[in-house]
Structure formats: structure tokens, C-alpha cells
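Asker: Coordinates in my_file14.cif, mmCIF, C-alpha atoms, pLDDT in the B column; chains and numbers go by the auth columns, are listed below.
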```
data_model
#
loop_
_atom_site.group_PDB
_atom_site.id
_atom_site.type_symbol
_atom_site.label_atom_id
_atom_site.label_comp_id
_atom_site.label_asym_id
_atom_site.label_seq_id
_atom_site.Cartn_x
_atom_site.Cartn_y
_atom_site.Cartn_z
_atom_site.B_iso_or_equiv
_atom_site.auth_seq_id
_atom_site.auth_asym_id
ATOM 1 C CA MET A 1 59.695 -83.029 -166.765 43.00 113 A
ATOM 2 C CA SER A 2 55.930 -83.433 -166.594 47.00 114 A
ATOM 3 C CA GLU A 3 53.884 -83.425 -169.768 43.00 115 A
ATOM 4 C CA GLU A 4 51.489 -80.658 -168.723 48.00 116 A
ATOM 5 C CA ASN A 5 53.993 -77.979 -169.746 46.00 117 A
ATOM 6 C CA ASN A 6 54.699 -79.262 -173.266 51.00 118 A
ATOM 7 C CA SER A 7 52.058 -77.143 -175.007 54.00 119 A
ATOM 8 C CA GLY A 8 54.156 -73.961 -174.882 69.00 120 A
ATOM 9 C CA LYS A 9 51.419 -72.079 -172.995 87.00 121 A
ATOM 10 C CA ILE A 10 51.984 -71.019 -169.419 90.00 122 A
ATOM 11 C CA PRO A 11 49.593 -73.012 -167.191 92.00 123 A
ATOM 12 C CA THR A 12 47.118 -71.136 -164.994 93.00 124 A
ATOM 13 C CA TYR A 13 48.726 -72.440 -161.774 95.00 125 A
ATOM 14 C CA ILE A 14 51.923 -70.526 -162.573 97.00 126 A
ATOM 15 C CA VAL A 15 52.344 -67.251 -160.677 97.00 127 A
ATOM 16 C CA ILE A 16 54.332 -64.552 -162.455 97.00 128 A
ATOM 17 C CA LYS A 17 55.884 -61.725 -160.477 97.00 129 A
ATOM 18 C CA ASN A 18 58.727 -59.433 -161.582 97.00 130 A
ATOM 19 C CA ASN A 19 59.475 -61.701 -164.576 96.00 131 A
ATOM 20 C CA GLN A 20 59.916 -64.662 -162.204 98.00 132 A
ATOM 21 C CA TYR A 21 57.772 -67.817 -162.163 98.00 133 A
ATOM 22 C CA SER A 22 56.363 -69.820 -159.295 98.00 134 A
ATOM 23 C CA VAL A 23 53.815 -72.621 -158.869 98.00 135 A
ATOM 24 C CA GLU A 24 50.698 -72.097 -156.745 98.00 136 A
ATOM 25 C CA CYS A 25 49.452 -74.848 -154.422 97.00 137 A
ATOM 26 C CA GLN A 26 46.056 -75.981 -155.674 97.00 138 A
ATOM 27 C CA ILE A 27 44.360 -76.721 -152.360 96.00 139 A
ATOM 28 C CA LYS A 28 46.063 -74.669 -149.607 96.00 140 A
ATOM 29 C CA ARG A 29 44.760 -76.893 -146.784 93.00 141 A
ATOM 30 C CA ALA A 30 47.725 -77.380 -144.462 96.00 142 A
ATOM 31 C CA ASN A 31 48.433 -74.869 -141.713 95.00 143 A
ATOM 32 C CA ASP A 32 51.976 -74.638 -143.041 96.00 144 A
ATOM 33 C CA CYS A 33 51.006 -74.648 -146.745 96.00 145 A
ATOM 34 C CA GLN A 34 53.695 -73.075 -148.876 91.00 146 A
ATOM 35 C CA GLU A 35 50.963 -71.495 -151.074 96.00 147 A
ATOM 36 C CA ILE A 36 53.511 -70.791 -153.814 97.00 148 A
ATOM 37 C CA SER A 37 56.877 -72.316 -154.598 96.00 149 A
ATOM 38 C CA ALA A 38 60.138 -70.416 -154.846 96.00 150 A
ATOM 39 C CA PHE A 39 60.411 -68.086 -157.829 98.00 151 A
ATOM 40 C CA CYS A 40 62.483 -69.209 -160.818 98.00 152 A
ATOM 41 C CA GLU A 41 63.662 -67.775 -164.143 98.00 153 A
ATOM 42 C CA SER A 42 61.180 -69.790 -166.250 96.00 154 A
ATOM 43 C CA HIS A 43 57.925 -71.646 -165.716 95.00 155 A
ATOM 44 C CA GLU A 44 59.665 -74.867 -166.800 95.00 156 A
ATOM 45 C CA GLU A 45 62.254 -74.371 -164.075 97.00 157 A
ATOM 46 C CA ALA A 46 59.491 -73.683 -161.529 97.00 158 A
ATOM 47 C CA LEU A 47 57.808 -76.969 -162.497 96.00 159 A
ATOM 48 C CA GLU A 48 61.074 -78.888 -162.199 97.00 160 A
ATOM 49 C CA ARG A 49 61.638 -77.373 -158.767 97.00 161 A
ATOM 50 C CA VAL A 50 58.247 -78.443 -157.368 97.00 162 A
ATOM 51 C CA GLU A 51 58.789 -81.945 -158.745 96.00 163 A
ATOM 52 C CA GLU A 52 62.115 -82.075 -156.885 96.00 164 A
ATOM 53 C CA GLU A 53 60.378 -80.823 -153.718 95.00 165 A
ATOM 54 C CA CYS A 54 57.821 -83.682 -153.936 94.00 166 A
ATOM 55 C CA TRP A 55 54.800 -81.596 -154.836 97.00 167 A
ATOM 56 C CA ILE A 56 52.091 -83.758 -156.448 96.00 168 A
ATOM 57 C CA PHE A 57 50.464 -82.957 -159.792 96.00 169 A
ATOM 58 C CA SER A 58 46.702 -83.540 -159.527 95.00 170 A
ATOM 59 C CA GLY A 59 45.910 -83.342 -163.216 93.00 171 A
ATOM 60 C CA GLU A 60 44.678 -79.784 -162.801 93.00 172 A
ATOM 61 C CA GLY A 61 47.351 -78.223 -160.620 96.00 173 A
ATOM 62 C CA TRP A 62 50.049 -78.883 -158.042 97.00 174 A
ATOM 63 C CA ILE A 63 49.696 -79.698 -154.340 97.00 175 A
ATOM 64 C CA CYS A 64 52.579 -78.695 -152.067 97.00 176 A
ATOM 65 C CA PHE A 65 54.280 -81.285 -149.900 95.00 177 A
ATOM 66 C CA SER A 66 52.777 -79.841 -146.692 96.00 178 A
ATOM 67 C CA CYS A 67 49.240 -80.225 -148.053 96.00 179 A
ATOM 68 C CA VAL A 68 50.016 -83.734 -149.323 95.00 180 A
ATOM 69 C CA GLU A 69 51.156 -84.655 -145.804 95.00 181 A
ATOM 70 C CA ALA A 70 48.005 -83.107 -144.299 95.00 182 A
ATOM 71 C CA ILE A 71 45.802 -85.113 -146.671 94.00 183 A
ATOM 72 C CA TRP A 72 47.568 -88.373 -145.802 94.00 184 A
ATOM 73 C CA LYS A 73 47.363 -87.620 -142.090 95.00 185 A
ATOM 74 C CA LYS A 74 43.591 -87.229 -142.402 93.00 186 A
ATOM 75 C CA VAL A 75 43.371 -90.497 -144.350 94.00 187 A
ATOM 76 C CA VAL A 76 45.387 -92.339 -141.694 94.00 188 A
ATOM 77 C CA ASP A 77 43.365 -90.779 -138.853 92.00 189 A
ATOM 78 C CA LYS A 78 40.088 -91.747 -140.535 92.00 190 A
ATOM 79 C CA ARG A 79 41.336 -95.298 -141.075 91.00 191 A
ATOM 80 C CA GLN A 80 42.350 -95.530 -137.400 90.00 192 A
ATOM 81 C CA GLU A 81 38.906 -94.312 -136.309 88.00 193 A
ATOM 82 C CA LYS A 82 37.245 -97.026 -138.388 86.00 194 A
ATOM 83 C CA GLU A 83 39.567 -99.695 -136.968 85.00 195 A
ATOM 84 C CA ASP A 84 38.895 -98.499 -133.406 82.00 196 A
ATOM 85 C CA ARG A 85 35.116 -98.643 -133.966 82.00 197 A
ATOM 86 C CA TRP A 86 35.437 -102.126 -135.457 85.00 198 A
ATOM 87 C CA LYS A 87 37.400 -103.339 -132.432 81.00 199 A
ATOM 88 C CA GLU A 88 34.838 -101.842 -130.028 80.00 200 A
ATOM 89 C CA GLY A 89 31.793 -103.179 -131.832 67.00 201 A
#
```
Spell out the structure here as C-alpha cells.
Answerer:
Amino acid sequence: MSEENNSGKIPTYIVIKNNQYSVECQIKRANDCQEISAFCESHEEALERVEEECWIFSGEGWICFSCVEAIWKKVVDKRQEKEDRWKEG
């Protein structure tokens, strides 16, 4: 389990609803962003679940897999644009 939940305090990126815990996506950039993870019985369980679902911890919050994919797609597209310009010029 990640170290950010060892302090005993519930992190600010945890959403609590009806005594259930979920993790909120930090950036919400992808069209299909999950925005929040599935609800779990504890915030520790919610953190374990997003780790299993390949969410990325940024140091300040979590980024859902859909947003991670969207970020990498933009990086790859930008790299391709630069390569295309280099080939043309």
C-alpha cells in the first residue's frame, strides 16, 4: 500500500458518501474520466483498489487510468508532430 495513507488522517482526495470511501481523480481531463473510483468500506481499501486499477499517484492526488492514457496520448502526438516537422525541414 502507498505511504501517503500511513498518517492515520483521511487524505483530501478521498470522497466519503454514505460511510463509503472513494478516490477522486485529480485532473479530470479525459472525456471518459472516471472522476471517482468505486466506493469501498475504508479509505485504505479505496486506495488499494485504485492502485490495482492502475491509477497513478502524483504526490498530491490520484490520476485515473483514463486520464493517464489521455496524457500519454498527448505526449505521443506532440512527439510525432516534432518528428514530422524535423523530417519536413
Asker: Could you check how far CA of Gln192 in chain A sits from CA of Ser170 in chain A, in Å to one decimal?
Answerer: 25.5 Å
Asker: Let me know the residues the PyMOL selection byres ((chain A and resi 157) around 12) catches in the file above, as a list in words.
Answerer: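 Applying the expression gives Met113, Ser114, Asn117, Ile126, Gln132, Tyr133, Ser134, Val135, Ser149, Ala150, Phe151, Cys152, Glu153, Ser154, His155, Glu156, Ala158, Leu159, Glu160, Arg161, Val162, Glu163 and Glu164 of chain A.
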Asker: Using only C-alpha atoms, please write the residues we just selected to a file, as a JSON list (two decimals), in the coordinates of the input.
Answerer:
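Below you can see selection14.json, which holds the result:
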```
[["chain", "number", "residue", "atom", "x", "y", "z"],
["A", 113, "MET", "CA", 59.70, -83.03, -166.76],
["A", 114, "SER", "CA", 55.93, -83.43, -166.59],
["A", 117, "ASN", "CA", 53.99, -77.98, -169.75],
["A", 126, "ILE", "CA", 51.92, -70.53, -162.57],
["A", 132, "GLN", "CA", 59.92, -64.66, -162.20],
["A", 133, "TYR", "CA", 57.77, -67.82, -162.16],
["A", 134, "SER", "CA", 56.36, -69.82, -159.29],
["A", 135, "VAL", "CA", 53.82, -72.62, -158.87],
["A", 149, "SER", "CA", 56.88, -72.32, -154.60],
["A", 150, "ALA", "CA", 60.14, -70.42, -154.85],
["A", 151, "PHE", "CA", 60.41, -68.09, -157.83],
["A", 152, "CYS", "CA", 62.48, -69.21, -160.82],
["A", 153, "GLU", "CA", 63.66, -67.78, -164.14],
["A", 154, "SER", "CA", 61.18, -69.79, -166.25],
["A", 155, "HIS", "CA", 57.92, -71.65, -165.72],
["A", 156, "GLU", "CA", 59.66, -74.87, -166.80],
["A", 158, "ALA", "CA", 59.49, -73.68, -161.53],
["A", 159, "LEU", "CA", 57.81, -76.97, -162.50],
["A", 160, "GLU", "CA", 61.07, -78.89, -162.20],
["A", 161, "ARG", "CA", 61.64, -77.37, -158.77],
["A", 162, "VAL", "CA", 58.25, -78.44, -157.37],
["A", 163, "GLU", "CA", 58.79, -81.94, -158.74],
["A", 164, "GLU", "CA", 62.12, -82.08, -156.88]]
```
Asker: Between CA of Trp198 in chain A and CA of Val180 in chain A, what distance in Å does the model show, to one decimal?
Answerer: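 Computed distance, CA of Trp198 in chain A to CA of Val180 in chain A, equals 27.3 Å.
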Asker: Would you please work out which residue, of A:Lys129, A:Lys194, A:Lys121, A:Lys186, is nearest to Ala142 in chain A when using only C-alpha atoms?
Answerer: A:Lys186
Asker: Could you state the separation of CA of Cys137 in chain A and CA of Ile175 in chain A in Å, given to one decimal place?
Answerer: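 Interatomic distance, CA of Cys137 in chain A to CA of Ile175 in chain A: 4.9 Å.
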Asker: Any chance you could resolve the PyMOL selection byres ((chain A and resi 181) around 12) against this file and give the residues as a count of residues only?
Answerer: 22
Asker: To box range 140-155 of chain A, take all atoms listed in the file, fit an axis-aligned box, add 5 Å on each side, and give centre and edge lengths in Å to one decimal, as AutoDock Vina command-line options.
Answerer:
```
--center_x 54.2 --center_y -72.6 --center_z -154.0 --size_x 28.9 --size_y 19.6 --size_z 34.5
```
Asker: Write out as a PyMOL selection string the residues lying within 12 Å of Glu172 in chain A, counting only C-alpha atoms and excluding same-chain residues fewer than 5 positions away.
Answerer: chain A and resi 116-117+123-126+136-139
Asker: With all atoms listed in the file as the atoms that count, which of A:Asp189, A:Ile122, A:Trp174, A:Asn130 lies nearest to Ile148 in chain A?
Answerer: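 Under the stated criterion, the closest residue is A:Trp174.
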Asker: For range 185-200 of chain A, supply N, CA and C atoms and format the output as an mmCIF file, keeping the file's coordinate frame.
Answerer:
```
data_model
loop_
_atom_site.group_PDB
_atom_site.id
_atom_site.type_symbol
_atom_site.label_atom_id
_atom_site.label_comp_id
_atom_site.auth_asym_id
_atom_site.auth_seq_id
_atom_site.Cartn_x
_atom_site.Cartn_y
_atom_site.Cartn_z
ATOM 1 N N LYS A 185 47.631 -87.530 -143.528
ATOM 2 C CA LYS A 185 47.363 -87.620 -142.090
ATOM 3 C C LYS A 185 45.878 -87.812 -141.836
ATOM 4 N N LYS A 186 45.035 -87.072 -142.558
ATOM 5 C CA LYS A 186 43.591 -87.229 -142.402
ATOM 6 C C LYS A 186 43.137 -88.623 -142.821
ATOM 7 N N VAL A 187 43.717 -89.143 -143.893
ATOM 8 C CA VAL A 187 43.371 -90.497 -144.350
ATOM 9 C C VAL A 187 43.734 -91.517 -143.276
ATOM 10 N N VAL A 188 44.933 -91.401 -142.726
ATOM 11 C CA VAL A 188 45.387 -92.339 -141.694
ATOM 12 C C VAL A 188 44.516 -92.213 -140.446
ATOM 13 N N ASP A 189 44.215 -90.980 -140.029
ATOM 14 C CA ASP A 189 43.365 -90.779 -138.853
ATOM 15 C C ASP A 189 41.985 -91.384 -139.064
ATOM 16 N N LYS A 190 41.405 -91.192 -140.235
ATOM 17 C CA LYS A 190 40.088 -91.747 -140.535
ATOM 18 C C LYS A 190 40.129 -93.273 -140.514
ATOM 19 N N ARG A 191 41.175 -93.840 -141.066
ATOM 20 C CA ARG A 191 41.336 -95.298 -141.075
ATOM 21 C C ARG A 191 41.442 -95.818 -139.639
ATOM 22 N N GLN A 192 42.189 -95.121 -138.798
ATOM 23 C CA GLN A 192 42.350 -95.530 -137.400
ATOM 24 C C GLN A 192 41.016 -95.465 -136.660
ATOM 25 N N GLU A 193 40.233 -94.421 -136.924
ATOM 26 C CA GLU A 193 38.906 -94.312 -136.309
ATOM 27 C C GLU A 193 38.039 -95.503 -136.674
ATOM 28 N N LYS A 194 38.045 -95.877 -137.939
ATOM 29 C CA LYS A 194 37.245 -97.026 -138.388
ATOM 30 C C LYS A 194 37.720 -98.312 -137.721
ATOM 31 N N GLU A 195 39.029 -98.499 -137.627
ATOM 32 C CA GLU A 195 39.567 -99.695 -136.968
ATOM 33 C C GLU A 195 39.191 -99.730 -135.495
ATOM 34 N N ASP A 196 39.251 -98.573 -134.834
ATOM 35 C CA ASP A 196 38.895 -98.499 -133.406
ATOM 36 C C ASP A 196 37.423 -98.848 -133.204
ATOM 37 N N ARG A 197 36.548 -98.326 -134.063
ATOM 38 C CA ARG A 197 35.116 -98.643 -133.966
ATOM 39 C C ARG A 197 34.877 -100.124 -134.212
ATOM 40 N N TRP A 198 35.595 -100.706 -135.151
ATOM 41 C CA TRP A 198 35.437 -102.126 -135.457
ATOM 42 C C TRP A 198 35.847 -102.983 -134.266
ATOM 43 N N LYS A 199 36.936 -102.594 -133.591
ATOM 44 C CA LYS A 199 37.400 -103.339 -132.432
ATOM 45 C C LYS A 199 36.412 -103.235 -131.272
ATOM 46 N N GLU A 200 35.796 -102.062 -131.107
ATOM 47 C CA GLU A 200 34.838 -101.842 -130.028
ATOM 48 C C GLU A 200 33.524 -102.573 -130.277
#
```
